[in-house]
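So this one's coords27.txt, compact mmCIF, C-alpha atoms (C1' of nucleotides):
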# COMPACT_ATOMS: atom_id res chain seq x y z
CA MET A 1 -97.86 167.95 -173.71
CA PRO A 2 -99.36 168.43 -177.19
CA THR A 3 -98.64 165.74 -179.76
CA ALA A 4 -98.40 166.04 -183.52
CA THR A 5 -101.92 164.69 -183.98
CA ASP A 6 -103.58 166.78 -181.25
CA PRO A 7 -106.66 168.31 -182.95
CA GLN A 8 -106.33 171.44 -180.84
CA LEU A 9 -102.74 171.87 -182.01
CA HIS A 10 -103.83 171.30 -185.56
CA ALA A 11 -106.47 174.01 -185.27
CA PHE A 12 -103.89 176.35 -183.75
CA LEU A 13 -101.40 175.80 -186.59
CA ALA A 14 -104.05 176.31 -189.25
CA ALA A 15 -105.35 179.47 -187.59
CA PHE A 16 -101.82 180.81 -187.14
CA ASP A 17 -101.15 180.34 -190.83
CA ASP A 18 -104.41 182.00 -191.86
CA PHE A 19 -103.65 184.91 -189.60
CA VAL A 20 -100.12 185.45 -190.91
CA ARG A 21 -101.22 185.30 -194.54
CA ALA A 22 -104.15 187.64 -193.99
CA ALA A 23 -101.87 190.10 -192.19
CA LYS A 24 -99.37 190.05 -195.06
CA ARG A 25 -102.02 190.70 -197.68
CA ALA A 26 -103.43 193.56 -195.62
CA ARG A 27 -99.97 195.08 -195.22
CA VAL A 28 -99.38 194.96 -198.97
CA ARG A 29 -102.74 196.59 -199.65
CA ALA A 30 -102.02 199.37 -197.18
CA ALA A 31 -98.42 200.05 -198.22
CA PRO A 32 -98.96 202.42 -201.20
CA ASP A 33 -100.53 205.07 -198.94
CA ASP A 34 -97.62 205.26 -196.52
CA THR A 35 -94.68 207.66 -196.64
CA LEU A 36 -92.54 205.10 -194.86
CA THR A 37 -92.02 201.43 -195.55
CA LEU A 38 -92.61 199.00 -192.71
CA ALA A 39 -88.85 198.52 -192.30
CA GLN A 40 -88.32 202.28 -192.07
CA TYR A 41 -91.10 202.60 -189.53
CA ASP A 42 -89.63 199.81 -187.42
CA LEU A 43 -86.28 201.57 -187.47
CA LEU A 44 -87.58 205.02 -186.55
CA ALA A 45 -90.37 204.06 -184.17
CA PRO A 46 -88.17 204.07 -181.03
CA LEU A 47 -87.31 207.72 -181.72
CA ARG A 48 -90.93 208.69 -181.43
CA HIS A 49 -91.10 208.71 -177.66
CA ALA A 50 -87.41 208.98 -176.90
CA GLY A 51 -86.65 212.09 -174.88
CA ASP A 52 -82.99 211.76 -175.76
CA ALA A 53 -81.62 211.10 -179.19
CA LEU A 54 -80.64 207.46 -179.68
CA GLY A 55 -77.53 205.84 -181.15
CA LEU A 56 -77.49 203.91 -184.42
CA ARG A 57 -76.80 200.58 -182.80
CA GLU A 58 -79.71 200.96 -180.46
CA LEU A 59 -82.04 201.56 -183.36
CA ALA A 60 -80.59 198.69 -185.35
CA ARG A 61 -81.00 196.26 -182.47
CA ALA A 62 -84.59 197.30 -181.79
CA ALA A 63 -85.48 196.94 -185.47
CA GLY A 64 -83.68 193.61 -185.78
CA VAL A 65 -81.27 194.71 -188.52
CA SER A 66 -77.47 194.93 -188.73
CA ALA A 67 -75.62 198.18 -188.14
CA PRO A 68 -74.64 198.63 -191.81
CA THR A 69 -78.27 198.17 -192.83
CA ALA A 70 -79.32 200.85 -190.36
CA THR A 71 -76.59 203.17 -191.70
CA ARG A 72 -77.89 202.70 -195.23
CA MET A 73 -81.48 203.22 -194.32
CA LEU A 74 -80.69 206.31 -192.29
CA ASP A 75 -78.71 207.76 -195.22
CA GLY A 76 -81.87 207.80 -197.29
CA LEU A 77 -84.09 209.01 -194.47
CA GLN A 78 -81.65 211.84 -193.73
CA VAL A 79 -81.57 212.93 -197.38
CA ARG A 80 -85.35 212.99 -197.32
CA GLY A 81 -85.18 215.26 -194.28
CA LEU A 82 -86.90 212.88 -191.88
CA VAL A 83 -84.05 212.40 -189.45
CA THR A 84 -80.94 214.26 -188.28
CA ARG A 85 -77.60 212.68 -187.52
CA GLU A 86 -75.20 214.48 -185.18
CA ARG A 87 -71.87 213.44 -183.79
CA CYS A 88 -72.18 212.99 -180.04
CA THR A 89 -70.02 215.48 -178.12
CA ASP A 90 -69.44 213.22 -175.09
CA ASP A 91 -68.39 210.15 -177.04
CA ARG A 92 -67.23 211.21 -180.46
CA ARG A 93 -67.53 207.70 -181.89
CA ALA A 94 -71.30 207.77 -181.50
CA VAL A 95 -73.99 209.54 -183.47
CA ARG A 96 -77.25 210.87 -182.09
CA LEU A 97 -80.29 210.25 -184.27
CA GLU A 98 -83.32 212.47 -183.96
CA LEU A 99 -86.56 212.89 -185.88
CA THR A 100 -87.19 216.15 -187.70
CA ASP A 101 -90.70 217.58 -187.60
CA ALA A 102 -91.39 215.93 -190.95
CA GLY A 103 -89.98 212.66 -189.65
CA ARG A 104 -92.07 212.83 -186.52
CA GLU A 105 -95.14 213.39 -188.65
CA ALA A 106 -94.33 210.49 -190.97
CA VAL A 107 -93.82 208.12 -188.05
CA ALA A 108 -96.97 209.30 -186.29
CA ASP A 109 -98.89 208.95 -189.53
CA PHE A 110 -97.74 205.40 -190.09
CA HIS A 111 -98.51 204.54 -186.50
CA GLU A 112 -101.99 205.98 -186.77
CA ARG A 113 -102.81 204.10 -189.98
CA GLN A 114 -101.57 200.89 -188.44
CA ALA A 115 -103.53 201.46 -185.24
CA GLU A 116 -106.62 202.28 -187.28
CA ARG A 117 -106.39 198.94 -189.11
CA ARG A 118 -105.99 197.16 -185.80
CA ARG A 119 -108.90 199.02 -184.23
CA ALA A 120 -111.02 197.86 -187.17
CA LEU A 121 -110.01 194.27 -186.43
CA PHE A 122 -110.81 194.68 -182.76
CA ALA A 123 -114.22 196.12 -183.61
CA GLN A 124 -115.12 192.97 -185.52
CA LEU A 125 -114.54 190.69 -182.53
CA GLU A 126 -117.28 189.57 -180.15
CA PRO A 127 -116.99 190.89 -176.58
CA ASP A 128 -115.61 187.63 -175.21
CA GLU A 129 -113.18 187.36 -178.11
CA ARG A 130 -111.92 190.87 -177.34
CA ARG A 131 -111.08 189.88 -173.81
CA ALA A 132 -109.32 186.75 -175.04
CA ALA A 133 -107.44 188.44 -177.89
CA ALA A 134 -105.25 190.74 -175.80
CA ARG A 135 -104.40 187.88 -173.47
CA VAL A 136 -103.56 185.44 -176.29
CA LEU A 137 -101.41 187.86 -178.26
CA SER A 138 -99.58 188.94 -175.16
CA ARG A 139 -98.92 185.35 -174.07
CA LEU A 140 -97.72 184.39 -177.56
CA ALA A 141 -95.33 187.35 -177.54
CA GLU A 142 -93.92 186.10 -174.23
CA ALA A 143 -93.73 182.56 -175.54
CA TYR A 144 -91.66 183.67 -178.53
CA GLU A 145 -88.91 184.81 -176.18
CA GLY A 146 -88.71 181.30 -174.76
CA VAL A 147 -88.19 179.68 -178.17
CA GLN A 148 -84.79 179.21 -179.79
CA GLY A 149 -85.70 180.29 -183.33
CA MET B 1 -118.24 200.25 -180.38
CA PRO B 2 -114.73 200.60 -178.98
CA THR B 3 -113.44 204.11 -178.46
CA ALA B 4 -109.89 205.40 -178.59
CA THR B 5 -109.63 205.41 -174.79
CA ASP B 6 -111.18 201.97 -174.22
CA PRO B 7 -108.72 200.20 -171.89
CA GLN B 8 -109.51 196.85 -173.50
CA LEU B 9 -108.65 198.30 -176.92
CA HIS B 10 -105.47 199.76 -175.52
CA ALA B 11 -104.43 196.37 -174.16
CA PHE B 12 -105.22 194.78 -177.51
CA LEU B 13 -103.10 197.28 -179.44
CA ALA B 14 -100.17 196.90 -177.06
CA ALA B 15 -100.35 193.11 -177.17
CA PHE B 16 -100.64 193.13 -180.95
CA ASP B 17 -97.51 195.22 -181.21
CA ASP B 18 -95.59 192.99 -178.79
CA PHE B 19 -96.65 189.94 -180.74
CA VAL B 20 -95.60 191.33 -184.13
CA ARG B 21 -92.22 192.45 -182.85
CA ALA B 22 -91.52 189.15 -181.10
CA ALA B 23 -92.51 187.25 -184.25
CA LYS B 24 -90.15 189.36 -186.35
CA ARG B 25 -87.21 188.81 -184.02
CA ALA B 26 -87.89 185.07 -183.97
CA ARG B 27 -88.06 184.96 -187.78
CA VAL B 28 -84.71 186.73 -188.06
CA ARG B 29 -83.12 184.33 -185.57
CA ALA B 30 -84.45 181.32 -187.47
CA ALA B 31 -83.60 182.52 -190.98
CA PRO B 32 -79.93 181.45 -191.26
CA ASP B 33 -80.86 177.75 -190.97
CA ASP B 34 -83.32 177.77 -193.85
CA THR B 35 -82.63 176.90 -197.48
CA LEU B 36 -85.45 179.20 -198.55
CA THR B 37 -86.22 182.75 -197.53
CA LEU B 38 -89.68 183.50 -196.20
CA ALA B 39 -90.61 185.19 -199.48
CA GLN B 40 -89.49 182.15 -201.46
CA TYR B 41 -91.43 179.84 -199.21
CA ASP B 42 -94.56 181.96 -199.57
CA LEU B 43 -94.19 181.79 -203.33
CA LEU B 44 -93.64 178.03 -203.55
CA ALA B 45 -95.93 176.87 -200.74
CA PRO B 46 -99.03 176.54 -202.96
CA LEU B 47 -97.15 174.06 -205.15
CA ARG B 48 -96.69 171.73 -202.24
CA HIS B 49 -100.15 170.23 -202.31
CA ALA B 50 -101.14 171.16 -205.85
CA GLY B 51 -101.93 168.05 -207.87
CA ASP B 52 -101.60 170.08 -211.05
CA ALA B 53 -98.80 172.47 -211.85
CA LEU B 54 -99.78 176.09 -211.28
CA GLY B 55 -99.33 179.22 -213.41
CA LEU B 56 -97.02 182.08 -212.52
CA ARG B 57 -99.82 184.54 -211.93
CA GLU B 58 -101.55 182.21 -209.55
CA LEU B 59 -98.40 181.89 -207.46
CA ALA B 60 -97.77 185.63 -207.55
CA ARG B 61 -101.30 186.42 -206.39
CA ALA B 62 -101.18 183.89 -203.54
CA ALA B 63 -97.82 185.24 -202.37
CA GLY B 64 -98.96 188.85 -202.67
CA VAL B 65 -96.26 189.90 -205.16
CA SER B 66 -96.35 191.27 -208.72
CA ALA B 67 -95.89 189.03 -211.75
CA PRO B 68 -92.42 190.43 -212.61
CA THR B 69 -91.29 189.80 -209.05
CA ALA B 70 -92.48 186.20 -209.28
CA THR B 71 -90.66 185.80 -212.61
CA ARG B 72 -87.44 187.05 -211.02
CA MET B 73 -87.73 184.86 -207.99
CA LEU B 74 -88.55 181.80 -210.06
CA ASP B 75 -85.50 182.44 -212.28
CA GLY B 76 -83.29 181.98 -209.27
CA LEU B 77 -85.21 179.03 -207.88
CA GLN B 78 -85.09 177.32 -211.27
CA VAL B 79 -81.33 177.82 -211.56
CA ARG B 80 -81.00 176.28 -208.11
CA GLY B 81 -82.98 173.29 -209.35
CA LEU B 82 -85.90 173.71 -206.97
CA VAL B 83 -88.61 174.31 -209.55
CA THR B 84 -89.31 173.50 -213.19
CA ARG B 85 -90.93 175.85 -215.70
CA GLU B 86 -92.67 174.38 -218.74
CA ARG B 87 -94.68 176.01 -221.46
CA CYS B 88 -98.28 174.85 -221.21
CA THR B 89 -99.39 172.90 -224.28
CA ASP B 90 -103.06 173.87 -224.06
CA ASP B 91 -102.52 177.60 -223.70
CA ARG B 92 -99.10 178.46 -225.00
CA ARG B 93 -99.03 181.82 -223.24
CA ALA B 94 -98.94 180.16 -219.85
CA VAL B 95 -96.19 178.35 -217.97
CA ARG B 96 -96.63 175.45 -215.60
CA LEU B 97 -94.55 175.60 -212.44
CA GLU B 98 -93.72 172.45 -210.57
CA LEU B 99 -91.47 171.57 -207.65
CA THR B 100 -88.53 169.27 -208.26
CA ASP B 101 -87.74 166.66 -205.61
CA ALA B 102 -85.17 169.04 -204.13
CA GLY B 103 -87.73 171.86 -204.20
CA ARG B 104 -90.34 169.73 -202.52
CA GLU B 105 -87.86 168.87 -199.82
CA ALA B 106 -86.86 172.51 -199.26
CA VAL B 107 -90.48 173.60 -198.97
CA ALA B 108 -91.35 170.72 -196.64
CA ASP B 109 -88.28 171.48 -194.57
CA PHE B 110 -89.18 175.14 -194.18
CA HIS B 111 -92.74 174.18 -193.32
CA GLU B 112 -91.57 171.74 -190.68
CA ARG B 113 -89.24 174.23 -189.01
CA GLN B 114 -91.96 176.82 -188.95
CA ALA B 115 -94.49 174.37 -187.54
CA GLU B 116 -91.97 173.28 -184.92
CA ARG B 117 -91.55 176.87 -183.71
CA ARG B 118 -95.29 177.25 -183.54
CA ARG B 119 -95.73 173.98 -181.69
CA ALA B 120 -93.22 175.29 -179.15
CA LEU B 121 -95.35 178.41 -178.70
CA PHE B 122 -98.49 176.34 -178.30
CA ALA B 123 -96.80 174.17 -175.69
CA GLN B 124 -96.13 177.22 -173.53
CA LEU B 125 -99.79 178.21 -173.32
CA GLU B 126 -102.10 177.19 -170.48
CA PRO B 127 -104.92 174.82 -171.42
CA ASP B 128 -107.56 177.56 -171.49
CA GLU B 129 -105.24 179.81 -173.48
CA ARG B 130 -104.78 177.05 -176.05
CA ARG B 131 -108.49 176.83 -176.60
CA ALA B 132 -108.72 180.60 -176.95
CA ALA B 133 -105.68 180.99 -179.21
CA ALA B 134 -106.96 179.08 -182.23
CA ARG B 135 -110.27 180.88 -182.02
CA VAL B 136 -108.70 184.34 -181.69
CA LEU B 137 -106.20 183.89 -184.53
CA SER B 138 -108.85 182.47 -186.78
CA ARG B 139 -111.26 185.31 -186.06
CA LEU B 140 -108.54 187.92 -186.60
CA ALA B 141 -107.71 186.34 -189.97
CA GLU B 142 -111.36 186.62 -190.95
CA ALA B 143 -111.51 190.18 -189.68
CA TYR B 144 -108.56 191.19 -191.88
CA GLU B 145 -110.55 190.33 -194.97
CA GLY B 146 -113.23 192.80 -193.89
CA VAL B 147 -110.76 195.69 -193.55
CA GLN B 148 -109.81 197.99 -196.41
CA GLY B 149 -106.07 198.15 -195.78
C1' DT C 1 -108.64 193.38 -227.38
C1' DA C 2 -107.45 190.82 -223.34
C1' DT C 3 -104.28 187.73 -221.06
C1' DT C 4 -99.79 185.43 -219.77
C1' DG C 5 -95.52 186.04 -219.01
C1' DT C 6 -90.90 188.46 -219.64
C1' DT C 7 -87.50 192.36 -220.02
C1' DA C 8 -85.92 196.86 -218.72
C1' DT C 9 -85.16 199.80 -215.14
C1' DA C 10 -84.74 201.49 -210.61
C1' DC C 11 -84.96 201.38 -205.73
C1' DT C 12 -85.12 199.29 -200.95
C1' DC C 13 -83.61 195.86 -197.68
C1' DT C 14 -80.32 192.74 -196.27
C1' DA C 15 -75.84 190.74 -194.57
C1' DT C 16 -70.62 189.92 -193.92
C1' DA C 17 -66.06 191.69 -194.11
C1' DA C 18 -62.96 195.27 -193.76
C1' DC C 19 -62.13 199.82 -192.35
C1' DT C 20 -61.78 204.47 -189.45
C1' DA C 21 -62.00 206.93 -185.42
C1' DT C 22 -62.47 207.10 -180.70
C1' DA C 23 -62.42 205.21 -176.03
C1' DT D 1 -58.32 196.02 -177.07
C1' DA D 2 -63.04 197.13 -177.51
C1' DT D 3 -66.74 199.94 -179.30
C1' DA D 4 -69.50 203.10 -182.67
C1' DG D 5 -70.21 203.74 -186.97
C1' DT D 6 -69.16 203.63 -192.09
C1' DT D 7 -67.71 201.79 -196.67
C1' DA D 8 -67.31 198.06 -199.87
C1' DT D 9 -69.48 194.49 -201.93
C1' DA D 10 -73.02 191.39 -203.20
C1' DG D 11 -77.47 189.53 -203.47
C1' DA D 12 -82.64 189.26 -202.78
C1' DG D 13 -87.10 191.38 -203.07
C1' DT D 14 -89.93 194.91 -204.78
C1' DA D 15 -92.72 197.67 -208.26
C1' DT D 16 -94.09 200.13 -212.75
C1' DA D 17 -93.77 200.50 -217.61
C1' DA D 18 -93.10 198.53 -221.92
C1' DC D 19 -92.94 194.48 -224.59
C1' DA D 20 -93.88 189.74 -226.97
C1' DA D 21 -96.66 185.96 -227.81
C1' DT D 22 -100.93 183.87 -227.75
C1' DA D 23 -105.91 183.66 -227.21

Can you turn what I pasted into structure tokens?
Amino acid sequence: MPTATDPQLHAFLAAFDDFVRAAKRARVRAAPDDTLTLAQYDLLAPLRHAGDALGLRELARAAGVSAPTATRMLDGLQVRGLVTRERCTDDRRAVRLELTDAGREAVADFHERQAERRRALFAQLEPDERRAAARVLSRLAEAYEGVQG
Amino acid sequence: MPTATDPQLHAFLAAFDDFVRAAKRARVRAAPDDTLTLAQYDLLAPLRHAGDALGLRELARAAGVSAPTATRMLDGLQVRGLVTRERCTDDRRAVRLELTDAGREAVADFHERQAERRRALFAQLEPDERRAAARVLSRLAEAYEGVQG
DNA sequence: TATTGTTATACTCTATAACTATA
DNA sequence: TATAGTTATAGAGTATAACAATA
């Protein structure tokens, strides 16, 4: 059980903070080159590999935003020709969202730029750090699900 | 040199993505309880341990936002009584930002909640993972600085 | 001229509440 | 009644361009 004065905990908290701040600065630096904002990418990303079109609520939940926010965002993305919105024939309450070719390209492009930045990070790690990194990030992701807030 | 098909790289990219998404969901869940938004905390955090008052541009740079954005945000925070803005006597172009008692409490409170969440993550790691985690996060933070975007 | 900060302007992201249409 | 989505409303965060004051 780690205590508040545990030096290992202290190192963890400091490193976590450094990491989050560095990631934010990098994101800001990268943003001007992207067609999509991060929020838009997060909203559309699930459509990239979806065989079927998805509903608005599904996208909103995956992106962690409310349904009205998703509606708003999709309005703009539809006007820009990146996504299509069709009434579902089976259940006429629902809409089916799908990427257009341009939308698919924008999402793929964002994904590739993001992956490229992350590959560059990976390349700077020592071999033993590389092995540890995937494990640590994966375990932290799991741990988040077991935390209230 | 890692290649695009390197399985270790693939695991890293997948874990990175899982981590970022989990962190975002956790942040959203935690947000309603905070007096400050994350952006506001990022802007004010440097004032927490600053002996001297800091200038607006300094805060903006540290938070990764433009000067007009910082002005806007500080307007609101000043109205809420969390921060004071004084013209600097030495250089009358500059302003000196300082936390009020209420502001100091809000920043400390946000910091404590954030640290508590992170302590809970740390507690879920195995002993060997704890040792690795600080190292990995710290090295990734360093690596970000060596990446263009 | 260069720097510090603000104003003007415009757009995106965000939520809650209230609504419509369908099931 | 419950669910899918939208509209109404309001507020925060964001940037660029143009400006004022001071150095």

Extract, using all atoms listed in the file, all DNA, RNA and protein residues at most 8 Å from Leu99 in chain A, discarding same-chain residues fewer than 5 positions from it, and format them as an MDAnalysis selection string. chainID A and resid 44 47:48 82:84 104

Go ahead and write the selection's residues with C-alpha atoms as a PDB file, in the frame of the given file.
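Everything below was put into selection-v1.pdb:
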ATOM      1  CA  LEU A  44     -87.580 205.020-186.550  1.00  0.00           C
ATOM      2  CA  LEU A  47     -87.310 207.720-181.720  1.00  0.00           C
ATOM      3  CA  ARG A  48     -90.930 208.690-181.430  1.00  0.00           C
ATOM      4  CA  LEU A  82     -86.900 212.880-191.880  1.00  0.00           C
ATOM      5  CA  VAL A  83     -84.050 212.400-189.450  1.00  0.00           C
ATOM      6  CA  THR A  84     -80.940 214.260-188.280  1.00  0.00           C
ATOM      7  CA  ARG A 104     -92.070 212.830-186.520  1.00  0.00           C
TER       8      ARG A 104
END

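Residue-level contacts from chain B to chain A at 6 Å, counting all atoms listed in the file, read Ala11, Phe12, Ala15, Phe16, Asp18, Phe19, Ala22, Ala26, Arg29, Ala30, Leu121, Ala133, Ala134, Val136, Leu137, Ser138, Ala141, Ala143 and Gly149 of chain B.
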
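When only C-alpha atoms are used to measure the gap to Thr69 in chain A, the shortest distance among A:Thr35, A:Thr5, A:Thr100, A:Gln40 belongs to A:Gln40.
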
Put chain A on top of chain B with a least-squares fit on all C-alpha atoms, paired in order, and send it back as a short mmCIF file (atom, residue, chain, number, x, y, z; two decimals) with C-alpha atoms, keeping the file's coordinate frame.
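Saved as superposed_11.cif:
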data_model
loop_
_atom_site.label_atom_id
_atom_site.label_comp_id
_atom_site.auth_asym_id
_atom_site.auth_seq_id
_atom_site.Cartn_x
_atom_site.Cartn_y
_atom_site.Cartn_z
CA MET A 1 -118.23 200.29 -180.23
CA PRO A 2 -114.69 200.64 -178.85
CA THR A 3 -113.40 204.16 -178.30
CA ALA A 4 -109.85 205.45 -178.43
CA THR A 5 -109.56 205.41 -174.64
CA ASP A 6 -111.12 201.97 -174.10
CA PRO A 7 -108.66 200.15 -171.78
CA GLN A 8 -109.47 196.84 -173.44
CA LEU A 9 -108.61 198.31 -176.83
CA HIS A 10 -105.44 199.73 -175.41
CA ALA A 11 -104.42 196.33 -174.07
CA PHE A 12 -105.21 194.77 -177.45
CA LEU A 13 -103.06 197.28 -179.36
CA ALA A 14 -100.14 196.85 -176.98
CA ALA A 15 -100.35 193.06 -177.12
CA PHE A 16 -100.64 193.12 -180.92
CA ASP A 17 -97.48 195.19 -181.14
CA ASP A 18 -95.57 192.94 -178.75
CA PHE A 19 -96.65 189.92 -180.72
CA VAL A 20 -95.61 191.33 -184.09
CA ARG A 21 -92.20 192.42 -182.82
CA ALA A 22 -91.53 189.12 -181.09
CA ALA A 23 -92.51 187.24 -184.25
CA LYS A 24 -90.14 189.34 -186.36
CA ARG A 25 -87.21 188.79 -184.04
CA ALA A 26 -87.89 185.05 -183.99
CA ARG A 27 -88.05 184.95 -187.79
CA VAL A 28 -84.70 186.72 -188.07
CA ARG A 29 -83.12 184.32 -185.60
CA ALA A 30 -84.43 181.31 -187.49
CA ALA A 31 -83.59 182.53 -191.00
CA PRO A 32 -79.91 181.47 -191.28
CA ASP A 33 -80.84 177.78 -191.01
CA ASP A 34 -83.30 177.81 -193.89
CA THR A 35 -82.60 176.97 -197.52
CA LEU A 36 -85.42 179.25 -198.57
CA THR A 37 -86.21 182.80 -197.57
CA LEU A 38 -89.67 183.52 -196.23
CA ALA A 39 -90.62 185.21 -199.51
CA GLN A 40 -89.49 182.17 -201.49
CA TYR A 41 -91.42 179.86 -199.21
CA ASP A 42 -94.56 181.96 -199.57
CA LEU A 43 -94.20 181.79 -203.34
CA LEU A 44 -93.63 178.04 -203.56
CA ALA A 45 -95.89 176.86 -200.75
CA PRO A 46 -99.01 176.49 -202.95
CA LEU A 47 -97.10 174.02 -205.14
CA ARG A 48 -96.63 171.70 -202.21
CA HIS A 49 -100.08 170.17 -202.28
CA ALA A 50 -101.06 171.07 -205.81
CA GLY A 51 -101.84 167.98 -207.85
CA ASP A 52 -101.54 170.00 -211.02
CA ALA A 53 -98.76 172.40 -211.83
CA LEU A 54 -99.77 176.02 -211.27
CA GLY A 55 -99.35 179.14 -213.40
CA LEU A 56 -97.06 182.03 -212.49
CA ARG A 57 -99.87 184.47 -211.90
CA GLU A 58 -101.58 182.13 -209.51
CA LEU A 59 -98.44 181.85 -207.45
CA ALA A 60 -97.83 185.58 -207.54
CA ARG A 61 -101.35 186.35 -206.37
CA ALA A 62 -101.21 183.84 -203.52
CA ALA A 63 -97.86 185.21 -202.36
CA GLY A 64 -99.01 188.82 -202.68
CA VAL A 65 -96.32 189.87 -205.17
CA SER A 66 -96.44 191.23 -208.73
CA ALA A 67 -95.97 188.99 -211.74
CA PRO A 68 -92.52 190.39 -212.61
CA THR A 69 -91.37 189.78 -209.05
CA ALA A 70 -92.54 186.17 -209.28
CA THR A 71 -90.72 185.79 -212.62
CA ARG A 72 -87.51 187.04 -211.05
CA MET A 73 -87.78 184.87 -208.01
CA LEU A 74 -88.58 181.80 -210.07
CA ASP A 75 -85.54 182.47 -212.29
CA GLY A 76 -83.29 182.02 -209.29
CA LEU A 77 -85.20 179.07 -207.89
CA GLN A 78 -85.08 177.34 -211.28
CA VAL A 79 -81.32 177.86 -211.58
CA ARG A 80 -80.96 176.34 -208.14
CA GLY A 81 -82.93 173.33 -209.36
CA LEU A 82 -85.85 173.74 -206.98
CA VAL A 83 -88.57 174.31 -209.54
CA THR A 84 -89.28 173.49 -213.19
CA ARG A 85 -90.92 175.81 -215.68
CA GLU A 86 -92.65 174.32 -218.72
CA ARG A 87 -94.67 175.94 -221.44
CA CYS A 88 -98.26 174.76 -221.19
CA THR A 89 -99.33 172.76 -224.26
CA ASP A 90 -103.02 173.72 -224.07
CA ASP A 91 -102.48 177.45 -223.71
CA ARG A 92 -99.06 178.32 -225.00
CA ARG A 93 -99.02 181.70 -223.26
CA ALA A 94 -98.96 180.04 -219.86
CA VAL A 95 -96.20 178.28 -217.98
CA ARG A 96 -96.63 175.38 -215.59
CA LEU A 97 -94.54 175.57 -212.43
CA GLU A 98 -93.68 172.42 -210.54
CA LEU A 99 -91.41 171.56 -207.63
CA THR A 100 -88.45 169.28 -208.24
CA ASP A 101 -87.64 166.70 -205.59
CA ALA A 102 -85.10 169.10 -204.12
CA GLY A 103 -87.67 171.89 -204.19
CA ARG A 104 -90.27 169.74 -202.52
CA GLU A 105 -87.78 168.91 -199.80
CA ALA A 106 -86.81 172.55 -199.27
CA VAL A 107 -90.44 173.61 -198.97
CA ALA A 108 -91.29 170.74 -196.64
CA ASP A 109 -88.23 171.54 -194.56
CA PHE A 110 -89.16 175.17 -194.19
CA HIS A 111 -92.71 174.22 -193.34
CA GLU A 112 -91.56 171.78 -190.70
CA ARG A 113 -89.22 174.28 -189.03
CA GLN A 114 -91.97 176.86 -188.99
CA ALA A 115 -94.50 174.40 -187.59
CA GLU A 116 -91.99 173.30 -184.97
CA ARG A 117 -91.57 176.90 -183.76
CA ARG A 118 -95.33 177.28 -183.61
CA ARG A 119 -95.78 173.99 -181.76
CA ALA A 120 -93.28 175.28 -179.20
CA LEU A 121 -95.41 178.40 -178.75
CA PHE A 122 -98.55 176.34 -178.38
CA ALA A 123 -96.88 174.15 -175.77
CA GLN A 124 -96.20 177.18 -173.60
CA LEU A 125 -99.87 178.17 -173.40
CA GLU A 126 -102.19 177.14 -170.58
CA PRO A 127 -105.02 174.78 -171.56
CA ASP A 128 -107.64 177.52 -171.62
CA GLU A 129 -105.33 179.79 -173.58
CA ARG A 130 -104.86 177.03 -176.16
CA ARG A 131 -108.57 176.83 -176.74
CA ALA A 132 -108.79 180.61 -177.05
CA ALA A 133 -105.73 181.01 -179.28
CA ALA A 134 -107.02 179.11 -182.32
CA ARG A 135 -110.33 180.95 -182.10
CA VAL A 136 -108.73 184.40 -181.75
CA LEU A 137 -106.23 183.95 -184.57
CA SER A 138 -108.88 182.56 -186.84
CA ARG A 139 -111.29 185.41 -186.09
CA LEU A 140 -108.56 188.01 -186.62
CA ALA A 141 -107.72 186.44 -189.98
CA GLU A 142 -111.39 186.76 -190.97
CA ALA A 143 -111.52 190.31 -189.67
CA TYR A 144 -108.57 191.32 -191.84
CA GLU A 145 -110.60 190.52 -194.95
CA GLY A 146 -113.24 192.99 -193.82
CA VAL A 147 -110.75 195.86 -193.47
CA GLN A 148 -109.79 198.19 -196.32
CA GLY A 149 -106.03 198.29 -195.71
#

Write out as JSON lines a residue-level contact list of chain B versus chain D with cut-off 9 Å: for each qualifying residue the closest pair of atoms and the distance in Å to one decimal, counting only C-alpha atoms (C1' of nucleotides), rows sorted by chain and residue number upward.
{"residue": "B:Ala39", "atom": "CA", "partner": "D:DG13", "partner_atom": "C1'", "distance": 8.0}
{"residue": "B:Val65", "atom": "CA", "partner": "D:DT14", "partner_atom": "C1'", "distance": 8.1}
{"residue": "B:Ser66", "atom": "CA", "partner": "D:DA15", "partner_atom": "C1'", "distance": 7.4}
{"residue": "B:Pro68", "atom": "CA", "partner": "D:DA15", "partner_atom": "C1'", "distance": 8.5}
{"residue": "B:Thr69", "atom": "CA", "partner": "D:DT14", "partner_atom": "C1'", "distance": 6.8}
{"residue": "B:Met73", "atom": "CA", "partner": "D:DG13", "partner_atom": "C1'", "distance": 8.2}
{"residue": "B:Asp91", "atom": "CA", "partner": "D:DT22", "partner_atom": "C1'", "distance": 7.6}
{"residue": "B:Arg92", "atom": "CA", "partner": "D:DT22", "partner_atom": "C1'", "distance": 6.3}
{"residue": "B:Arg93", "atom": "CA", "partner": "D:DT22", "partner_atom": "C1'", "distance": 5.3}
{"residue": "B:Ala94", "atom": "CA", "partner": "D:DT22", "partner_atom": "C1'", "distance": 9.0}

Looking at only C-alpha atoms (C1' of nucleotides), which of A:Leu77, A:Leu56, A:Ala50, A:Ala70 is the one that sits closest to DC13 in chain C? A:Ala70

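Among the candidates B:Arg85, B:Arg80, B:Arg57, B:His111, the residue lying nearest to chain C is B:Arg57 (atoms considered: all atoms listed in the file).
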
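Here is the contact set of chain C against chain A, at 9 Å and counting all atoms listed in the file: C:DT12, C:DC13, C:DT14, C:DA15, C:DA21, C:DT22, C:DA23.
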
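Using only C-alpha atoms (C1' of nucleotides), the shortest contact distance between DT4 in chain C and any of B:Asp34, B:Asp52, B:Tyr41, B:Val95 is found at B:Val95.
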
Go ahead and compute the interatomic distance for CA of Glu58 in chain A and CA of Arg96 in chain A, in Å to one decimal. 10.3 Å
